[in-house]
Amino acid sequence: MTGSLLELAVKPFREAAKTLVFRYTTLGAPKYAYNIEPAQLALLVNEIDRLRDVRGNIVEIGVARGLTTRFLCQHIVNERLDKTLTLYAVDTFSSFVPADLDYEVKQRGKSLREMRGFAYNDFDVWRRNFSAYPFVQAIQADCATVDYGKLAPIKVAFLDVDLYLPTKKTLPKLHDALVDGGVILVDDVLDSMTYDGAYQAYMEFCRERGLPPTIVGNKCGVIYKK
């Protein structure tokens, strides 16, 4: 039996299986796959589109499994921007830096048990998962130690590392590498939460640079470079 005939023969059974799953189980229920809000995803797309004619790269810092990275890849491909930019994905790919966790516990009174996570990640697996997107370049590093000048010009950056020290150390270096009119989006800008280090670092940065804090949605801090 040829492939096309086999497909025709199997199709009714596949459709019947879909009907059973959708109607009689919760497996077919749609789920929101992202850890960031729709307002943040929309803002990322809108800022990329706003700056589409400006030469520059996109930097995502703190990528976890790469769900947001994959979302950005789809937009870049759909808008045919892949010939004009690089999407840098910066992460340790092995959970938080121990010294940053230690600071949260000793200086910010956080519980170490509540702050562990992302140890499942793997650099080689992550890169393999994005092998179809040659414009994606993964960088395995502590984001606070990266020379963002080497990734410049940067026009859109998404900083999602949760903790105080890496956010505090990364923001000024990232801002310096940003093009005029470029933007940094900082996730988890929420006060009095387990991961509120990003909030403290964001607010301090805005005060130090004389910038007005701007929150989009419930937890996205925005910084524009004038």
# chains A, B, ... in the order shown; residues from 1 in each chain; ligands from 1
>>> closest_atom_pairs(of="stretch 46-112 of chain A", to="stretch 120-126 of chain A", cutoff="8 Å", atoms="only C-alpha atoms", output="Markdown table")
| residue | atom | partner | partner_atom | distance |
| --- | --- | --- | --- | --- |
| A:Ala64 | CA | A:Asn121 | CA | 6.8 |
| A:Arg65 | CA | A:Asn121 | CA | 6.8 |
| A:Gly66 | CA | A:Trp126 | CA | 7.6 |
| A:Phe93 | CA | A:Asn121 | CA | 5.2 |
| A:Ser94 | CA | A:Asn121 | CA | 5.6 |
| A:Ser95 | CA | A:Asn121 | CA | 7.4 |
>>> select_by_dssp(residues="stretch 16-87 of chain A", states="strand (DSSP E)", output="NGL selection string")
:A and (57-61 or 87)
>>> write_last_selection(atoms="C-alpha atoms", output="JSON list (two decimals), in the first residue's frame")
[["chain", "number", "residue", "atom", "x", "y", "z"],
["A", 57, "ASN", "CA", 19.84, 42.01, 17.35],
["A", 58, "ILE", "CA", 17.44, 40.48, 19.85],
["A", 59, "VAL", "CA", 18.68, 39.13, 23.17],
["A", 60, "GLU", "CA", 16.67, 36.81, 25.41],
["A", 61, "ILE", "CA", 18.26, 36.24, 28.80],
["A", 87, "LEU", "CA", 18.53, 36.08, 18.27]]
>>> residues_around(residues="A:Gly221", least_positions_apart="6", cutoff="8 Å", atoms="only C-alpha atoms", output="ChimeraX atom specification")
/A:185-189,202,213-215
>>> write_last_selection(atoms="N, CA and C atoms", output="PDB file, in the first residue's frame")
ATOM      1  N   LEU A 185      12.850  44.596  28.188  1.00  0.00           N
ATOM      2  CA  LEU A 185      11.680  44.139  28.931  1.00  0.00           C
ATOM      3  C   LEU A 185      12.172  43.235  30.052  1.00  0.00           C
ATOM      4  N   VAL A 186      11.764  43.532  31.271  1.00  0.00           N
ATOM      5  CA  VAL A 186      12.203  42.769  32.440  1.00  0.00           C
ATOM      6  C   VAL A 186      11.007  42.022  33.011  1.00  0.00           C
ATOM      7  N   ASP A 187      11.121  40.706  33.085  1.00  0.00           N
ATOM      8  CA  ASP A 187      10.019  39.896  33.610  1.00  0.00           C
ATOM      9  C   ASP A 187      10.061  39.846  35.138  1.00  0.00           C
ATOM     10  N   ASP A 188       8.921  39.491  35.723  1.00  0.00           N
ATOM     11  CA  ASP A 188       8.788  39.272  37.175  1.00  0.00           C
ATOM     12  C   ASP A 188       9.061  40.525  37.997  1.00  0.00           C
ATOM     13  N   VAL A 189       8.642  41.666  37.485  1.00  0.00           N
ATOM     14  CA  VAL A 189       8.744  42.900  38.261  1.00  0.00           C
ATOM     15  C   VAL A 189       7.521  42.960  39.179  1.00  0.00           C
ATOM     16  N   TYR A 202      15.113  46.265  39.139  1.00  0.00           N
ATOM     17  CA  TYR A 202      14.517  47.135  38.117  1.00  0.00           C
ATOM     18  C   TYR A 202      14.252  48.526  38.677  1.00  0.00           C
ATOM     19  N   PRO A 213       9.695  54.267  36.036  1.00  0.00           N
ATOM     20  CA  PRO A 213       9.303  52.847  35.973  1.00  0.00           C
ATOM     21  C   PRO A 213       7.996  52.703  35.192  1.00  0.00           C
ATOM     22  N   THR A 214       7.985  51.777  34.258  1.00  0.00           N
ATOM     23  CA  THR A 214       6.797  51.542  33.441  1.00  0.00           C
ATOM     24  C   THR A 214       6.491  50.052  33.462  1.00  0.00           C
ATOM     25  N   ILE A 215       5.298  49.699  33.908  1.00  0.00           N
ATOM     26  CA  ILE A 215       4.899  48.297  33.996  1.00  0.00           C
ATOM     27  C   ILE A 215       3.804  48.019  32.975  1.00  0.00           C
TER      28      ILE A 215
END
>>> residues_around(residues="A:Asp91", least_positions_apart="3", cutoff="7 Å", atoms="only C-alpha atoms", output="VMD selection string")
chain A and resid 61 to 63 139 to 143
>>> write_last_selection(atoms="N, CA and C atoms", output="PDB file, in the first residue's frame")
ATOM      1  N   ILE A  61      17.397  36.652  27.709  1.00  0.00           N
ATOM      2  CA  ILE A  61      18.265  36.238  28.805  1.00  0.00           C
ATOM      3  C   ILE A  61      17.429  35.494  29.839  1.00  0.00           C
ATOM      4  N   GLY A  62      17.738  34.210  30.013  1.00  0.00           N
ATOM      5  CA  GLY A  62      16.917  33.337  30.834  1.00  0.00           C
ATOM      6  C   GLY A  62      15.868  32.680  29.956  1.00  0.00           C
ATOM      7  N   VAL A  63      16.221  31.554  29.344  1.00  0.00           N
ATOM      8  CA  VAL A  63      15.364  30.993  28.290  1.00  0.00           C
ATOM      9  C   VAL A  63      14.646  29.708  28.695  1.00  0.00           C
ATOM     10  N   ILE A 139      24.091  31.053  24.078  1.00  0.00           N
ATOM     11  CA  ILE A 139      25.298  31.378  24.831  1.00  0.00           C
ATOM     12  C   ILE A 139      25.143  30.817  26.239  1.00  0.00           C
ATOM     13  N   GLN A 140      25.980  29.870  26.598  1.00  0.00           N
ATOM     14  CA  GLN A 140      25.931  29.271  27.928  1.00  0.00           C
ATOM     15  C   GLN A 140      26.835  30.060  28.853  1.00  0.00           C
ATOM     16  N   ALA A 141      26.229  30.846  29.740  1.00  0.00           N
ATOM     17  CA  ALA A 141      27.023  31.702  30.625  1.00  0.00           C
ATOM     18  C   ALA A 141      26.138  32.281  31.709  1.00  0.00           C
ATOM     19  N   ASP A 142      26.775  32.714  32.782  1.00  0.00           N
ATOM     20  CA  ASP A 142      26.119  33.555  33.774  1.00  0.00           C
ATOM     21  C   ASP A 142      25.876  34.898  33.097  1.00  0.00           C
ATOM     22  N   CYS A 143      24.620  35.320  33.012  1.00  0.00           N
ATOM     23  CA  CYS A 143      24.297  36.535  32.261  1.00  0.00           C
ATOM     24  C   CYS A 143      25.017  37.769  32.795  1.00  0.00           C
TER      25      CYS A 143
END
>>> residues_around(residues="stretch 161-169 of chain A", least_positions_apart="6", cutoff="6 Å", atoms="only C-alpha atoms", output="PyMOL selection string")
chain A and resi 62+100+144+195+197-198+201
>>> residues_around(residues="A:Gly149", least_positions_apart="6", cutoff="8 Å", atoms="only C-alpha atoms", output="list in words")
Lys173, Asp176 and Ala177 of chain A
>>> residues_around(residues="A:Ala39", least_positions_apart="3", cutoff="10 Å", atoms="only C-alpha atoms", output="tab-separated table (two decimals) with N, CA and C atoms, in the first residue's frame")
chain	number	residue	atom	x	y	z
A	36	ILE	N	5.04	33.66	30.74
A	36	ILE	CA	4.87	35.10	30.71
A	36	ILE	C	3.49	35.42	30.16
A	42	ALA	N	2.74	40.11	23.38
A	42	ALA	CA	2.30	41.13	22.43
A	42	ALA	C	3.30	42.29	22.36
A	43	LEU	N	3.81	42.68	23.52
A	43	LEU	CA	4.77	43.78	23.55
A	43	LEU	C	6.07	43.40	22.84
A	44	LEU	N	6.52	42.18	23.04
A	44	LEU	CA	7.72	41.72	22.33
A	44	LEU	C	7.55	41.83	20.82
A	216	VAL	N	4.02	47.02	32.14
A	216	VAL	CA	3.02	46.57	31.17
A	216	VAL	C	2.45	45.25	31.67
A	217	GLY	N	1.13	45.12	31.61
A	217	GLY	CA	0.49	43.94	32.20
A	217	GLY	C	0.67	43.99	33.71
A	218	ASN	N	0.91	42.84	34.30
A	218	ASN	CA	1.06	42.76	35.74
A	218	ASN	C	2.51	42.71	36.22
A	219	LYS	N	3.46	42.41	35.29
A	219	LYS	CA	4.79	42.14	35.81
A	219	LYS	C	5.93	42.40	34.82
A	220	CYS	N	5.69	43.20	33.82
A	220	CYS	CA	6.73	43.45	32.82
A	220	CYS	C	7.26	44.87	32.94
>>> closest_residue(among="A:Ala132, A:Lys226, A:Arg113, A:Met193", to="A:Arg209", atoms="only C-alpha atoms")
A:Lys226
>>> select_by_dssp(residues="stretch 9-117 of chain A", states="helix (DSSP H, G or I)", output="ChimeraX atom specification")
/A:9-24,38-50,67-78,98-108,112-115
>>> closest_residue(among="A:Ala99, A:Val136, A:Ile154, A:Val45", to="A:Asn78", atoms="only C-alpha atoms")
A:Val45
>>> atom_distance(atom1="atom CA of A:Lys18", atom2="atom CA of A:Pro38")
28.0 Å
>>> closest_residue(among="A:Leu101, A:Ala119, A:Ile223, A:Ala89", to="A:Val146", atoms="only C-alpha atoms")
A:Ala89
>>> closest_residue(among="A:Gly56, A:Gly28, A:Pro172, A:Pro12", to="A:Lys155", atoms="only C-alpha atoms")
A:Gly56
>>> decode(residues="stretch 65-108 of chain A", atoms="N, CA and C atoms", output="compact mmCIF listing (two decimals), in the first residue's frame")
# COMPACT_ATOMS: atom_id res chain seq x y z
N ARG A 65 13.16 26.24 28.86
CA ARG A 65 13.01 25.27 27.76
C ARG A 65 13.02 25.91 26.39
N GLY A 66 12.75 27.21 26.34
CA GLY A 66 12.77 27.89 25.06
C GLY A 66 11.40 28.17 24.47
N LEU A 67 10.35 28.19 25.29
CA LEU A 67 9.01 28.44 24.76
C LEU A 67 8.91 29.85 24.16
N THR A 68 9.39 30.84 24.90
CA THR A 68 9.36 32.21 24.37
C THR A 68 10.30 32.35 23.18
N THR A 69 11.43 31.67 23.24
CA THR A 69 12.36 31.68 22.11
C THR A 69 11.68 31.15 20.85
N ARG A 70 10.95 30.07 21.01
CA ARG A 70 10.26 29.48 19.86
C ARG A 70 9.19 30.42 19.32
N PHE A 71 8.50 31.11 20.21
CA PHE A 71 7.51 32.11 19.81
C PHE A 71 8.18 33.21 18.99
N LEU A 72 9.31 33.70 19.47
CA LEU A 72 10.03 34.75 18.76
C LEU A 72 10.54 34.26 17.40
N CYS A 73 11.01 33.01 17.37
CA CYS A 73 11.47 32.44 16.10
C CYS A 73 10.36 32.45 15.06
N GLN A 74 9.17 32.07 15.48
CA GLN A 74 8.06 32.03 14.54
C GLN A 74 7.75 33.40 13.98
N HIS A 75 7.79 34.41 14.85
CA HIS A 75 7.53 35.77 14.37
C HIS A 75 8.63 36.25 13.44
N ILE A 76 9.87 35.96 13.79
CA ILE A 76 11.00 36.37 12.95
C ILE A 76 10.92 35.73 11.57
N VAL A 77 10.57 34.44 11.53
CA VAL A 77 10.44 33.74 10.25
C VAL A 77 9.25 34.28 9.46
N ASN A 78 8.12 34.44 10.12
CA ASN A 78 6.92 34.93 9.43
C ASN A 78 7.14 36.31 8.81
N GLU A 79 7.90 37.15 9.53
CA GLU A 79 8.13 38.51 9.04
C GLU A 79 9.39 38.63 8.20
N ARG A 80 10.04 37.48 7.96
CA ARG A 80 11.25 37.42 7.13
C ARG A 80 12.35 38.35 7.66
N LEU A 81 12.55 38.31 8.97
CA LEU A 81 13.59 39.13 9.60
C LEU A 81 14.87 38.36 9.85
N ASP A 82 14.88 37.06 9.53
CA ASP A 82 16.01 36.21 9.89
C ASP A 82 17.29 36.56 9.15
N LYS A 83 17.20 37.29 8.06
CA LYS A 83 18.41 37.69 7.33
C LYS A 83 19.03 38.95 7.90
N THR A 84 18.36 39.61 8.81
CA THR A 84 18.81 40.91 9.28
C THR A 84 19.24 40.93 10.74
N LEU A 85 19.05 39.84 11.46
CA LEU A 85 19.36 39.88 12.89
C LEU A 85 19.78 38.51 13.41
N THR A 86 20.34 38.52 14.61
CA THR A 86 20.63 37.31 15.37
C THR A 86 19.80 37.35 16.64
N LEU A 87 19.24 36.22 17.00
CA LEU A 87 18.53 36.08 18.27
C LEU A 87 19.47 35.35 19.23
N TYR A 88 20.02 36.08 20.18
CA TYR A 88 20.92 35.50 21.17
C TYR A 88 20.11 34.98 22.35
N ALA A 89 20.37 33.74 22.74
CA ALA A 89 19.69 33.12 23.89
C ALA A 89 20.74 32.85 24.96
N VAL A 90 20.67 33.61 26.05
CA VAL A 90 21.68 33.55 27.11
C VAL A 90 21.09 32.85 28.33
N ASP A 91 21.81 31.83 28.81
CA ASP A 91 21.34 31.10 29.99
C ASP A 91 22.51 30.27 30.52
N THR A 92 22.44 29.89 31.79
CA THR A 92 23.41 28.92 32.30
C THR A 92 23.10 27.53 31.78
N PHE A 93 21.82 27.31 31.42
CA PHE A 93 21.32 26.00 31.00
C PHE A 93 21.57 24.94 32.08
N SER A 94 21.65 25.40 33.33
CA SER A 94 21.86 24.45 34.43
C SER A 94 21.41 25.03 35.77
N SER A 95 20.33 25.78 35.78
CA SER A 95 19.75 26.37 36.98
C SER A 95 20.48 27.65 37.38
N PHE A 96 20.10 28.17 38.54
CA PHE A 96 20.64 29.43 39.01
C PHE A 96 22.10 29.31 39.44
N VAL A 97 22.81 30.44 39.40
CA VAL A 97 24.18 30.49 39.89
C VAL A 97 24.14 30.40 41.42
N PRO A 98 24.90 29.48 42.03
CA PRO A 98 24.85 29.30 43.49
C PRO A 98 25.05 30.59 44.29
N ALA A 99 25.97 31.44 43.86
CA ALA A 99 26.23 32.68 44.60
C ALA A 99 25.00 33.61 44.58
N ASP A 100 24.24 33.58 43.48
CA ASP A 100 23.04 34.40 43.40
C ASP A 100 21.95 33.88 44.34
N LEU A 101 21.83 32.56 44.42
CA LEU A 101 20.88 31.97 45.36
C LEU A 101 21.30 32.26 46.80
N ASP A 102 22.58 32.17 47.06
CA ASP A 102 23.10 32.43 48.40
C ASP A 102 22.77 33.86 48.83
N TYR A 103 22.87 34.80 47.91
CA TYR A 103 22.55 36.19 48.21
C TYR A 103 21.07 36.34 48.55
N GLU A 104 20.21 35.64 47.78
CA GLU A 104 18.77 35.72 48.05
C GLU A 104 18.45 35.23 49.46
N VAL A 105 19.12 34.17 49.88
CA VAL A 105 18.86 33.58 51.20
C VAL A 105 19.43 34.46 52.31
N LYS A 106 20.69 34.86 52.19
CA LYS A 106 21.38 35.55 53.28
C LYS A 106 21.09 37.04 53.34
N GLN A 107 20.88 37.66 52.18
CA GLN A 107 20.69 39.11 52.16
C GLN A 107 19.24 39.53 51.96
N ARG A 108 18.44 38.66 51.36
CA ARG A 108 17.06 39.04 51.06
C ARG A 108 16.04 38.17 51.78
